[in-house]
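**Q** Got a structure here, written out as structure tokens. Questions coming.
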2 protein chains.
Amino acid sequence: MKLYETLAEDIAQSIRTGVMKLGDKLPSVRETSISRSVSPSTVFEAYYLLEARGLIRAKERSGYYVIAGAKKLPPEPERVSNPASSSTEVDVSRLVFDILEASKMRDVAPFGSAFPSPLLFPFDKLASSMNASMRVMDPWSTVDDLTPGSIHLRRQIALRYLVSGMHVHTDDIIITSGALDALNLCLLAVTRPGDAVIIESPSFYGALQALERLGLRAIEVPTHPREGVDLNALANAIEQHQPKACWLMTNFQNPLGSQMSDEKKRALVELITRYELPLIEDDVYAELYFGERRPLPAKAFDSKGLVMHCSSFSKSLAPGFRVGWAMPGRFTSAVARHKLTTTLSASVPAQEALADYLAKGQFDRHLRQLRHVLSVQQSAVIEAIARYFPAETKATRPGGGYFSWVELPAHVDALEVHRRALSLGISVAPGPMFSAQRHFKNCLRINYGHRFDARMDAALQTLGKLVISLM
Amino acid sequence: MKLYETLAEDIAQSIRTGVMKLGDKLPSVRETSISRSVSPSTVFEAYYLLEARGLIRAKERSGYYVIAGAKKLPPEPERVSNPASSSTEVDVSRLVFDILEASKMRDVAPFGSAFPSPLLFPFDKLASSMNASMRVMDPWSTVDDLTPGSIHLRRQIALRYLVSGMHVHTDDIIITSGALDALNLCLLAVTRPGDAVIIESPSFYGALQALERLGLRAIEVPTHPREGVDLNALANAIEQHQPKACWLMTNFQNPLGSQMSDEKKRALVELITRYELPLIEDDVYAELYFGERRPLPAKAFDSKGLVMHCSSFSKSLAPGFRVGWAMPGRFTSAVARHKLTTTLSASVPAQEALADYLAKGQFDRHLRQLRHVLSVQQSAVIEAIARYFPAETKATRPGGGYFSWVELPAHVDALEVHRRALSLGISVAPGPMFSAQRHFKNCLRINYGHRFDARMDAALQTLGKLVISLM
């Protein structure tokens, strides 16, 4: 985070919390430059950013004034989703691909992107670790470190769980080519074509695509935008459909940002244990928490080996390395065998580089910085939505990750928003991407993982106007 | 290759070609040291190696004598395989895994290994390329270089095909996580559970495992140990079973080492084109040819986009990097989409490192060396089989790759050989691993991709005794 951004965030915080009030005059650029010991140009840039974010405005020959009041944020959506209780054949892949491909251009404002800004990751340090580990790499590791994967890396991963109080053995871990690979292999290990699988509503489109590819049927279960899947509805769905697996995100769910409490996670594990139902847990965003500590995964409450926990370094440290892992409990050997017959193993140099980086103890410092940036950007984006979008708009404020789920007024067609926004150089992820039943027609997933600047602010203003025009 | 190994190979070559004859006395260590300008200890080591390989013997106080005659090699198998013409549900995975896992110990003589020695690859140079490419890596490449993959690498791959006279466009290439991934994605793109797929007999067990995982039926087609699949039988099988794909290796087939002539490849492509049948071509060993030039793939004769050509760097340059590619013709977009929903992309740093290495023009020099070593080791292993195995034994002498297919006397049980050999610290790959019908009960695949020394010679001697004891 640059100096002027830190300064702007401090001032925004004062406005948000009411320390500075609507109509207050800001100290002059010179005064702030002195009081903060920064250059006048830094102050100018900070004020410019705050102006772009609609928090202050310059009056000619007079100075800057606060024009936004404390906490003018849109309400969070509160309604639990209401999918049809039948199981559905999945056929979303074409829609998802068309949207993802259309959104790929570099010059588009990336609110529809699945990734945070790659500029947030420590590539220099990763390059050093790659270099260090390649120099000492034992050629035999290219044969010996195939699945389950590098013992150095598995040890580092196990250590991180230990810090959260989870006792994980290196033998419990299988290194995969990213979390998506882990999730797919877990699904493959416990299902056969035609089986039913429980997912959230809305759910990560990668889960929908996996179900589609494997010829599985989706059972979408009502999900609360803050608290996650509805356990009663889940129990009913299990009774009704005899699913072979459940695929959920317990922390900072994509696309909602919902998070289950520890109690709820415990109850979830008790429920699936009662039915001997494997739970595939996608936990890729857990390290991106804004609170005090890493939220526990459902895996922490699993004593029967039914939770197939999956995560990766792609969202937290090393996008593009394609290194993730699975802890599939009692299904570990089945998952390892599927890994061996599909891609054999994750890339060995990438595994060793990450092991080196983690062993040097640099990860936590990087994560602290990353979390701070994401949390600041969340505020900025949601404030902009409050400014520019119709008053009926709702937006989740997740406790981590980089997605907010935005509910537009009831009759606004998110697919139409997506199409028109794209022609204006703005990408969004429309709700129907996240449902086998193509629900959430008036919803958008908004990515706040990219640097918020005047251009991004202007893009949200454009998007707001577009939404209003479609009402 | 070390100096003494080169010297030993020169002398072995003289013996093999009859320049030195049975009973001839070798020049003394001192004479050879002078005539070859090498140290006496190098000559000693060379003579020791030739002795270990059974080509010469020391007589006390007299010197070394040739004890082997010219070309005492086992005959090559000639019989085309004769699988049942029905289609078969595949259930070999457990057998294959049990054998592979049992053979994994580092201290075993690795004749059963699927890999050549990792010491044959230029890890130092790859490390330099990794370092160079990581230092200049654009962070955005971790988002932009997902499937179809790094444009730098695809360009380098396209250039190599151009040298063989094949016009390949970068858009025709999808980078995958190794060839196994490419093959699996191609199979996924053209089949549905229950479909029939044509394979060779014997065939690569990875193909069998893929069929098993996807619920496909195998049609094993008669295959000649030198010339590859029987085209008449293939045409009959297509008529009889209406398969959805054909999965073949046209060059240095695993496990036979067979190679189709260019004419045969052309006829093969004509045949599958007549039936609009996709051909999945596994061409991972093509660069390991011992002849004048890289043999063409079937893809070179494909004008209709029906050949789904797959290859990788794992056998030729960078094992463990997990970087391969597919050129799936008319199925390119389907394969790319399956890649995106399974593992998203190959590891980006590994792709960029390989692109850097290839751009520096180092690959061909490395390959020349690698081919020479493999061809020398093939001679050494097959000569040892001639020395130690029963006279009825046959062994293929492929024009490339690192596998020989060994036919033991009819009633010797290869699975029993595998079990007993393993308890003696020797791995082999028994024939039934390579057939859905569990044929080839008296065959072994022997890997000659590891350094041949006195220990390996002794292991083959032990193996020969074991086979004789089981007759």
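Identifiers in the structure tokens: chain A, B, ... in order shown; residue index from 1 per chain; ligand index from 1 in order shown.
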May I have the residues of chain A within 7 Å of chain B, counting only C-alpha atoms, written as a list in words?
**A**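 Therefore, the residues near the partner are Pro118, Leu119, Ala127, Asn131, Met134, Arg135, Pro139, Trp140, Thr142, Val143, Ser177, Gly178, Leu180, Asp181, Asn184, Gly206, Gln209, Ala210, Pro319, Gly320, Phe321, Arg322, Thr341, Thr342, Thr343, Ala346, Ser347, Val348 and Pro349 of chain A.
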**Q** Report as a CSV table (one decimal) with all heavy atoms, in the first residue's frame: the residues of range 79-232 of chain B with a DSSP assignment of strand (DSSP E or B), based on the backbone of this structure.
**A**
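File written: out.csv
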```
chain,number,residue,atom,x,y,z
B,88,THR,N,-13.8,-54.7,-23.4
B,88,THR,CA,-13.6,-55.2,-22.0
B,88,THR,C,-13.8,-54.0,-21.0
B,88,THR,O,-13.3,-52.9,-21.3
B,88,THR,CB,-12.1,-55.7,-21.9
B,88,THR,OG1,-11.8,-56.4,-23.0
B,88,THR,CG2,-11.9,-56.5,-20.6
B,89,GLU,N,-14.5,-54.3,-19.9
B,89,GLU,CA,-14.4,-53.3,-18.8
B,89,GLU,C,-13.1,-53.4,-18.2
B,89,GLU,O,-12.5,-54.4,-18.1
B,89,GLU,CB,-15.5,-53.7,-17.8
B,89,GLU,CG,-16.8,-53.0,-18.0
B,89,GLU,CD,-17.7,-53.2,-16.8
B,89,GLU,OE1,-17.2,-52.9,-15.7
B,89,GLU,OE2,-18.9,-53.5,-17.0
B,109,ALA,N,16.9,-52.1,-8.1
B,109,ALA,CA,17.4,-52.0,-9.5
B,109,ALA,C,16.2,-51.7,-10.3
B,109,ALA,O,15.4,-52.6,-10.5
B,109,ALA,CB,18.2,-53.2,-9.9
B,110,PRO,N,16.2,-50.5,-11.0
B,110,PRO,CA,14.9,-50.0,-11.5
B,110,PRO,C,14.5,-50.4,-12.9
B,110,PRO,O,14.1,-49.6,-13.7
B,110,PRO,CB,15.1,-48.5,-11.4
B,110,PRO,CG,16.5,-48.3,-11.7
B,110,PRO,CD,17.2,-49.5,-11.1
B,174,ILE,N,-2.4,-26.4,-26.7
B,174,ILE,CA,-2.8,-26.1,-25.3
B,174,ILE,C,-1.8,-26.7,-24.4
B,174,ILE,O,-1.5,-27.9,-24.4
B,174,ILE,CB,-4.2,-26.8,-25.0
B,174,ILE,CG1,-5.2,-26.2,-25.9
B,174,ILE,CG2,-4.6,-26.6,-23.6
B,174,ILE,CD1,-6.5,-27.0,-25.9
B,175,ILE,N,-1.2,-25.9,-23.5
B,175,ILE,CA,-0.2,-26.4,-22.5
B,175,ILE,C,-1.0,-27.1,-21.4
B,175,ILE,O,-2.0,-26.7,-20.9
B,175,ILE,CB,0.6,-25.3,-21.9
B,175,ILE,CG1,1.2,-24.4,-23.0
B,175,ILE,CG2,1.6,-25.8,-20.9
B,175,ILE,CD1,2.3,-25.1,-23.8
B,176,THR,N,-0.5,-28.3,-21.1
B,176,THR,CA,-1.1,-29.1,-20.0
B,176,THR,C,-0.1,-29.5,-18.9
B,176,THR,O,1.1,-29.2,-19.0
B,176,THR,CB,-1.6,-30.4,-20.7
B,176,THR,OG1,-0.5,-31.2,-21.2
B,176,THR,CG2,-2.6,-30.2,-21.8
B,196,ALA,N,-16.9,-47.2,-26.2
B,196,ALA,CA,-15.7,-48.0,-26.4
B,196,ALA,C,-14.6,-47.2,-27.0
B,196,ALA,O,-14.8,-46.3,-27.8
B,196,ALA,CB,-16.1,-49.1,-27.4
B,197,VAL,N,-13.4,-47.6,-26.6
B,197,VAL,CA,-12.2,-46.9,-27.1
B,197,VAL,C,-11.1,-48.0,-27.5
B,197,VAL,O,-10.9,-49.0,-26.8
B,197,VAL,CB,-11.6,-46.0,-26.0
B,197,VAL,CG1,-10.2,-45.4,-26.4
B,197,VAL,CG2,-12.5,-44.9,-25.6
B,198,ILE,N,-10.5,-47.7,-28.7
B,198,ILE,CA,-9.5,-48.7,-29.2
B,198,ILE,C,-8.1,-48.4,-28.6
B,198,ILE,O,-7.7,-47.2,-28.6
B,198,ILE,CB,-9.5,-48.6,-30.7
B,198,ILE,CG1,-10.7,-49.3,-31.3
B,198,ILE,CG2,-8.2,-49.3,-31.3
B,198,ILE,CD1,-10.8,-49.3,-32.8
B,199,ILE,N,-7.5,-49.4,-28.1
B,199,ILE,CA,-6.1,-49.3,-27.6
B,199,ILE,C,-5.2,-50.4,-28.2
B,199,ILE,O,-5.8,-51.4,-28.7
B,199,ILE,CB,-6.0,-49.3,-26.1
B,199,ILE,CG1,-6.7,-50.6,-25.6
B,199,ILE,CG2,-6.7,-48.1,-25.5
B,199,ILE,CD1,-6.5,-50.8,-24.1
B,200,GLU,N,-3.9,-50.2,-28.1
B,200,GLU,CA,-3.0,-51.3,-28.6
B,200,GLU,C,-3.0,-52.5,-27.6
B,200,GLU,O,-3.4,-52.3,-26.4
B,200,GLU,CB,-1.6,-50.7,-28.7
B,200,GLU,CG,-1.4,-49.8,-29.8
B,200,GLU,CD,-0.6,-48.6,-29.5
B,200,GLU,OE1,-0.5,-48.2,-28.3
B,200,GLU,OE2,0.0,-47.9,-30.4
B,201,SER,N,-2.5,-53.6,-28.0
B,201,SER,CA,-2.3,-54.7,-27.2
B,201,SER,C,-0.9,-55.2,-27.3
B,201,SER,O,-0.6,-55.8,-28.4
B,201,SER,CB,-3.3,-55.8,-27.6
B,201,SER,OG,-3.1,-57.0,-26.9
B,217,ARG,N,-15.0,-48.6,-22.2
B,217,ARG,CA,-14.7,-50.0,-22.5
B,217,ARG,C,-13.5,-50.0,-23.4
B,217,ARG,O,-13.4,-49.2,-24.3
B,217,ARG,CB,-15.9,-50.7,-23.1
B,217,ARG,CG,-17.1,-50.7,-22.2
B,217,ARG,CD,-18.3,-51.4,-22.8
B,217,ARG,NE,-18.0,-52.9,-23.0
B,217,ARG,CZ,-18.1,-53.8,-22.1
B,217,ARG,NH1,-18.4,-53.5,-20.8
B,217,ARG,NH2,-17.9,-55.1,-22.4
B,218,ALA,N,-12.6,-51.0,-23.1
B,218,ALA,CA,-11.4,-51.1,-23.9
B,218,ALA,C,-11.6,-52.1,-25.1
B,218,ALA,O,-12.1,-53.2,-24.8
B,218,ALA,CB,-10.2,-51.5,-23.0
B,219,ILE,N,-11.2,-51.8,-26.3
B,219,ILE,CA,-11.0,-52.7,-27.4
B,219,ILE,C,-9.6,-52.9,-27.7
B,219,ILE,O,-8.9,-51.9,-28.2
B,219,ILE,CB,-11.8,-52.3,-28.6
B,219,ILE,CG1,-13.2,-51.9,-28.3
B,219,ILE,CG2,-11.8,-53.4,-29.7
B,219,ILE,CD1,-13.8,-51.0,-29.3
B,220,GLU,N,-9.0,-54.0,-27.3
B,220,GLU,CA,-7.5,-54.2,-27.6
B,220,GLU,C,-7.4,-54.8,-29.0
B,220,GLU,O,-8.0,-55.7,-29.3
B,220,GLU,CB,-7.0,-55.2,-26.5
B,220,GLU,CG,-7.0,-54.6,-25.1
B,220,GLU,CD,-6.3,-55.5,-24.1
B,220,GLU,OE1,-5.1,-55.7,-24.3
B,220,GLU,OE2,-7.0,-55.9,-23.1
B,221,VAL,N,-6.5,-54.1,-29.7
B,221,VAL,CA,-6.3,-54.5,-31.1
B,221,VAL,C,-4.9,-55.1,-31.3
B,221,VAL,O,-3.9,-54.6,-30.7
B,221,VAL,CB,-6.5,-53.2,-32.0
B,221,VAL,CG1,-6.0,-53.5,-33.4
B,221,VAL,CG2,-7.9,-52.8,-32.0
B,222,PRO,N,-4.8,-56.2,-32.1
B,222,PRO,CA,-3.5,-56.8,-32.3
B,222,PRO,C,-2.4,-55.9,-32.7
B,222,PRO,O,-2.7,-55.0,-33.6
B,222,PRO,CB,-3.8,-57.8,-33.4
B,222,PRO,CG,-5.3,-58.1,-33.3
B,222,PRO,CD,-5.9,-56.9,-32.8
B,223,THR,N,-1.3,-56.0,-32.2
B,223,THR,CA,-0.2,-55.1,-32.4
B,223,THR,C,1.1,-55.8,-32.6
B,223,THR,O,1.4,-56.8,-31.8
B,223,THR,CB,-0.1,-54.1,-31.1
B,223,THR,OG1,-1.4,-53.5,-30.9
B,223,THR,CG2,1.0,-53.1,-31.3
B,224,HIS,N,1.9,-55.4,-33.6
B,224,HIS,CA,3.2,-56.1,-33.9
B,224,HIS,C,4.3,-55.4,-33.0
B,224,HIS,O,4.3,-54.2,-32.9
B,224,HIS,CB,3.5,-55.9,-35.3
B,224,HIS,CG,4.7,-56.7,-35.8
B,224,HIS,ND1,6.0,-56.3,-35.6
B,224,HIS,CD2,4.8,-57.9,-36.3
B,224,HIS,CE1,6.8,-57.2,-36.0
B,224,HIS,NE2,6.2,-58.2,-36.5
B,228,GLY,N,4.0,-52.0,-34.8
B,228,GLY,CA,2.8,-51.3,-34.2
B,228,GLY,C,1.5,-51.9,-34.6
B,228,GLY,O,1.4,-53.1,-35.1
B,229,VAL,N,0.4,-51.2,-34.4
B,229,VAL,CA,-1.0,-51.8,-34.5
B,229,VAL,C,-1.3,-52.3,-35.9
B,229,VAL,O,-0.8,-51.8,-36.9
B,229,VAL,CB,-2.0,-50.7,-34.0
B,229,VAL,CG1,-2.2,-49.7,-35.1
B,229,VAL,CG2,-3.2,-51.3,-33.5
```
**Q** Counting only C-alpha atoms, figure out which residue out of B:Arg387, B:Arg53, B:Arg420, B:Arg155 gets nearest to Gly464 in chain B.
**A**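 The shortest atom-to-atom distance to Gly464 in chain B comes from B:Arg387.
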**Q** Report the distance between CA of His366 in chain B and CA of Leu317 in chain B in Å, rounded to one decimal place.
**A**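 Separation of CA of His366 in chain B and CA of Leu317 in chain B: 8.1 Å.
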**Q** Name the closest residue to Asp453 in chain B among the candidates B:Asn82, B:Gln377, B:Ser333, B:Ser258; distances are taken between atoms, counting only C-alpha atoms.
**A** B:Gln377
**Q** Hey, what's within 8 Å of Lys25 in chain B if we count only C-alpha atoms and toss same-chain stuff fewer than 6 positions away? As number ranges by chain, please?
**A** B: 63-66
**Q** Could you please take those selected residues and save N, CA, C and O atoms as an mmCIF file, in the first residue's frame?
**A**
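Generated file (selection_37.cif):
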```cif
data_model
loop_
_atom_site.group_PDB
_atom_site.id
_atom_site.type_symbol
_atom_site.label_atom_id
_atom_site.label_comp_id
_atom_site.auth_asym_id
_atom_site.auth_seq_id
_atom_site.Cartn_x
_atom_site.Cartn_y
_atom_site.Cartn_z
ATOM 1 N N GLY B 63 46.611 -60.494 -18.806
ATOM 2 C CA GLY B 63 45.884 -59.368 -19.417
ATOM 3 C C GLY B 63 44.437 -59.708 -19.661
ATOM 4 O O GLY B 63 43.913 -60.706 -19.140
ATOM 5 N N TYR B 64 43.788 -58.883 -20.470
ATOM 6 C CA TYR B 64 42.350 -59.027 -20.694
ATOM 7 C C TYR B 64 42.080 -59.644 -22.051
ATOM 8 O O TYR B 64 42.745 -59.306 -23.036
ATOM 9 N N TYR B 65 41.073 -60.536 -22.112
ATOM 10 C CA TYR B 65 40.712 -61.226 -23.356
ATOM 11 C C TYR B 65 39.225 -61.042 -23.671
ATOM 12 O O TYR B 65 38.387 -60.995 -22.752
ATOM 13 N N VAL B 66 38.926 -60.964 -24.950
ATOM 14 C CA VAL B 66 37.520 -60.889 -25.365
ATOM 15 C C VAL B 66 36.888 -62.253 -25.145
ATOM 16 O O VAL B 66 37.419 -63.268 -25.603
#
```
**Q** Could you give me, as a PyMOL selection string, the residues within 10 Å of range 8-14 of chain B, counting only C-alpha atoms and dropping anything in the same chain fewer than 3 positions from it?
**A** chain B and resi 2-5+17-21+26+42-51+53+55-56+66+68+70-71+376-377+379-380
**Q** Quick one: write out the picked residues with N, CA, C and O atoms as a compact mmCIF listing (two decimals), in the first residue's frame?
**A**
```
# COMPACT_ATOMS: atom_id res chain seq x y z
N LYS B 2 30.60 -40.58 -18.74
CA LYS B 2 31.96 -40.37 -18.26
C LYS B 2 32.96 -40.94 -19.24
O LYS B 2 32.64 -41.77 -20.09
N LEU B 3 34.22 -40.48 -19.11
CA LEU B 3 35.29 -40.86 -20.02
C LEU B 3 35.44 -42.36 -20.12
O LEU B 3 35.53 -42.93 -21.21
N TYR B 4 35.43 -43.03 -18.97
CA TYR B 4 35.66 -44.49 -19.00
C TYR B 4 34.48 -45.19 -19.66
O TYR B 4 34.64 -46.24 -20.28
N GLU B 5 33.30 -44.59 -19.54
CA GLU B 5 32.13 -45.21 -20.18
C GLU B 5 32.21 -45.08 -21.70
O GLU B 5 31.88 -46.01 -22.44
N THR B 17 30.81 -55.45 -33.43
CA THR B 17 30.88 -55.45 -34.89
C THR B 17 31.91 -56.41 -35.43
O THR B 17 32.12 -56.49 -36.63
N GLY B 18 32.58 -57.14 -34.52
CA GLY B 18 33.52 -58.15 -34.99
C GLY B 18 34.93 -57.64 -35.27
O GLY B 18 35.78 -58.40 -35.73
N VAL B 19 35.19 -56.37 -35.03
CA VAL B 19 36.55 -55.84 -35.21
C VAL B 19 37.50 -56.55 -34.23
O VAL B 19 38.61 -56.94 -34.59
N MET B 20 37.04 -56.74 -33.01
CA MET B 20 37.78 -57.60 -32.07
C MET B 20 36.99 -58.89 -31.93
O MET B 20 35.76 -58.87 -31.79
N LYS B 21 37.71 -60.00 -31.94
CA LYS B 21 37.02 -61.30 -31.96
C LYS B 21 37.20 -62.06 -30.66
O LYS B 21 38.10 -61.80 -29.88
N LEU B 26 43.23 -57.90 -25.35
CA LEU B 26 43.15 -56.44 -25.40
C LEU B 26 44.52 -55.83 -25.20
O LEU B 26 45.39 -56.43 -24.54
N THR B 42 41.40 -44.60 -15.74
CA THR B 42 40.23 -44.59 -16.63
C THR B 42 40.15 -45.89 -17.42
O THR B 42 39.07 -46.48 -17.58
N VAL B 43 41.31 -46.34 -17.89
CA VAL B 43 41.32 -47.60 -18.64
C VAL B 43 40.88 -48.76 -17.74
O VAL B 43 40.07 -49.60 -18.13
N PHE B 44 41.40 -48.75 -16.50
CA PHE B 44 40.99 -49.79 -15.55
C PHE B 44 39.48 -49.82 -15.38
O PHE B 44 38.84 -50.87 -15.43
N GLU B 45 38.91 -48.62 -15.19
CA GLU B 45 37.46 -48.57 -14.98
C GLU B 45 36.70 -49.07 -16.21
O GLU B 45 35.69 -49.76 -16.10
N ALA B 46 37.21 -48.71 -17.39
CA ALA B 46 36.55 -49.16 -18.62
C ALA B 46 36.63 -50.68 -18.73
O ALA B 46 35.64 -51.35 -19.03
N TYR B 47 37.80 -51.24 -18.46
CA TYR B 47 37.96 -52.70 -18.55
C TYR B 47 37.07 -53.38 -17.50
O TYR B 47 36.49 -54.42 -17.75
N TYR B 48 37.01 -52.76 -16.33
CA TYR B 48 36.19 -53.33 -15.27
C TYR B 48 34.73 -53.38 -15.72
O TYR B 48 34.02 -54.38 -15.53
N LEU B 49 34.28 -52.31 -16.35
CA LEU B 49 32.89 -52.23 -16.81
C LEU B 49 32.62 -53.28 -17.89
O LEU B 49 31.60 -53.98 -17.87
N LEU B 50 33.60 -53.43 -18.81
CA LEU B 50 33.43 -54.43 -19.87
C LEU B 50 33.42 -55.84 -19.29
O LEU B 50 32.70 -56.72 -19.76
N GLU B 51 34.19 -56.03 -18.24
CA GLU B 51 34.20 -57.32 -17.56
C GLU B 51 32.84 -57.57 -16.92
O GLU B 51 32.26 -58.66 -17.03
N ARG B 53 30.12 -56.41 -17.85
CA ARG B 53 29.13 -56.66 -18.90
C ARG B 53 29.40 -57.98 -19.64
O ARG B 53 28.71 -58.31 -20.60
N LEU B 55 31.91 -58.97 -21.47
CA LEU B 55 32.49 -58.91 -22.81
C LEU B 55 33.97 -59.32 -22.80
O LEU B 55 34.49 -59.82 -23.79
N ILE B 56 34.64 -59.06 -21.69
CA ILE B 56 36.06 -59.43 -21.60
C ILE B 56 36.30 -60.11 -20.25
O ILE B 56 35.44 -60.05 -19.36
N VAL B 66 38.93 -60.96 -24.95
CA VAL B 66 37.52 -60.89 -25.37
C VAL B 66 36.89 -62.25 -25.14
O VAL B 66 37.42 -63.27 -25.60
N ALA B 68 33.29 -62.48 -25.44
CA ALA B 68 32.00 -62.49 -26.14
C ALA B 68 32.25 -62.33 -27.62
O ALA B 68 33.20 -61.68 -28.04
N ALA B 70 30.75 -61.42 -31.69
CA ALA B 70 29.99 -60.34 -32.28
C ALA B 70 28.50 -60.60 -32.14
O ALA B 70 28.06 -61.75 -32.29
N LYS B 71 27.72 -59.56 -31.82
CA LYS B 71 26.25 -59.57 -31.87
C LYS B 71 25.62 -60.83 -31.32
O LYS B 71 24.97 -61.58 -32.05
N VAL B 376 23.30 -46.52 -26.04
CA VAL B 376 24.37 -47.35 -25.48
C VAL B 376 23.81 -48.26 -24.39
O VAL B 376 24.12 -49.46 -24.33
N GLN B 377 22.95 -47.71 -23.55
CA GLN B 377 22.40 -48.51 -22.46
C GLN B 377 21.47 -49.61 -22.99
O GLN B 377 21.38 -50.69 -22.42
N SER B 379 21.99 -51.30 -25.75
CA SER B 379 22.88 -52.40 -26.12
C SER B 379 23.34 -53.17 -24.90
O SER B 379 23.32 -54.42 -24.88
N ALA B 380 23.73 -52.44 -23.88
CA ALA B 380 24.29 -53.09 -22.69
C ALA B 380 23.24 -54.01 -22.05
O ALA B 380 23.54 -55.15 -21.69
```
**Q** Find the residues around Pro390 in chain A up to 9 Å (only C-alpha atoms counted), leave out those fewer than 5 positions away in its own chain, and share them as a ChimeraX atom specification.
**A** /A:385,408-409,464-465,467-468
**Q** So that I have them on file, write out the residues from the current selection with all heavy atoms, as a PDB file, in the first residue's frame.
**A**
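Ended up saving to again-v6.pdb:
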```pdb
ATOM      1  N   ILE A 385     -20.495   1.758  -4.069  1.00  0.00           N
ATOM      2  CA  ILE A 385     -21.802   1.172  -4.423  1.00  0.00           C
ATOM      3  C   ILE A 385     -22.912   1.974  -3.743  1.00  0.00           C
ATOM      4  O   ILE A 385     -23.948   2.280  -4.340  1.00  0.00           O
ATOM      5  CB  ILE A 385     -21.842  -0.325  -4.044  1.00  0.00           C
ATOM      6  CG1 ILE A 385     -20.932  -1.107  -5.004  1.00  0.00           C
ATOM      7  CG2 ILE A 385     -23.268  -0.875  -4.092  1.00  0.00           C
ATOM      8  CD1 ILE A 385     -20.753  -2.567  -4.647  1.00  0.00           C
ATOM      9  N   LEU A 408     -29.246  -6.367  -6.690  1.00  0.00           N
ATOM     10  CA  LEU A 408     -29.802  -5.179  -7.331  1.00  0.00           C
ATOM     11  C   LEU A 408     -31.318  -5.181  -7.127  1.00  0.00           C
ATOM     12  O   LEU A 408     -31.890  -6.188  -6.688  1.00  0.00           O
ATOM     13  CB  LEU A 408     -29.456  -5.202  -8.816  1.00  0.00           C
ATOM     14  CG  LEU A 408     -27.957  -5.321  -9.130  1.00  0.00           C
ATOM     15  CD1 LEU A 408     -27.746  -5.492 -10.630  1.00  0.00           C
ATOM     16  CD2 LEU A 408     -27.202  -4.108  -8.614  1.00  0.00           C
ATOM     17  N   PRO A 409     -31.982  -4.061  -7.424  1.00  0.00           N
ATOM     18  CA  PRO A 409     -33.447  -4.059  -7.346  1.00  0.00           C
ATOM     19  C   PRO A 409     -34.012  -5.232  -8.146  1.00  0.00           C
ATOM     20  O   PRO A 409     -33.442  -5.641  -9.172  1.00  0.00           O
ATOM     21  CB  PRO A 409     -33.827  -2.708  -7.957  1.00  0.00           C
ATOM     22  CG  PRO A 409     -32.641  -1.843  -7.676  1.00  0.00           C
ATOM     23  CD  PRO A 409     -31.454  -2.738  -7.780  1.00  0.00           C
ATOM     24  N   GLY A 464     -23.348   1.987 -11.787  1.00  0.00           N
ATOM     25  CA  GLY A 464     -24.547   2.435 -11.053  1.00  0.00           C
ATOM     26  C   GLY A 464     -25.570   3.060 -11.999  1.00  0.00           C
ATOM     27  O   GLY A 464     -26.763   2.740 -11.941  1.00  0.00           O
ATOM     28  N   LYS A 465     -25.095   3.918 -12.880  1.00  0.00           N
ATOM     29  CA  LYS A 465     -26.005   4.554 -13.847  1.00  0.00           C
ATOM     30  C   LYS A 465     -26.666   3.505 -14.731  1.00  0.00           C
ATOM     31  O   LYS A 465     -27.854   3.582 -15.045  1.00  0.00           O
ATOM     32  CB  LYS A 465     -25.227   5.545 -14.732  1.00  0.00           C
ATOM     33  CG  LYS A 465     -24.923   6.866 -14.059  1.00  0.00           C
ATOM     34  CD  LYS A 465     -24.204   7.799 -15.044  1.00  0.00           C
ATOM     35  CE  LYS A 465     -23.632   9.012 -14.325  1.00  0.00           C
ATOM     36  NZ  LYS A 465     -22.532   9.633 -15.068  1.00  0.00           N
ATOM     37  N   VAL A 467     -27.243   0.363 -14.015  1.00  0.00           N
ATOM     38  CA  VAL A 467     -28.255  -0.368 -13.248  1.00  0.00           C
ATOM     39  C   VAL A 467     -29.531   0.468 -13.148  1.00  0.00           C
ATOM     40  O   VAL A 467     -30.650  -0.035 -13.362  1.00  0.00           O
ATOM     41  CB  VAL A 467     -27.724  -0.726 -11.840  1.00  0.00           C
ATOM     42  CG1 VAL A 467     -28.828  -1.257 -10.949  1.00  0.00           C
ATOM     43  CG2 VAL A 467     -26.588  -1.742 -11.962  1.00  0.00           C
ATOM     44  N   ILE A 468     -29.379   1.758 -12.848  1.00  0.00           N
ATOM     45  CA  ILE A 468     -30.558   2.633 -12.727  1.00  0.00           C
ATOM     46  C   ILE A 468     -31.323   2.680 -14.053  1.00  0.00           C
ATOM     47  O   ILE A 468     -32.552   2.595 -14.084  1.00  0.00           O
ATOM     48  CB  ILE A 468     -30.111   4.053 -12.280  1.00  0.00           C
ATOM     49  CG1 ILE A 468     -29.622   3.986 -10.822  1.00  0.00           C
ATOM     50  CG2 ILE A 468     -31.251   5.067 -12.419  1.00  0.00           C
ATOM     51  CD1 ILE A 468     -28.877   5.217 -10.349  1.00  0.00           C
TER      52      ILE A 468
END
```
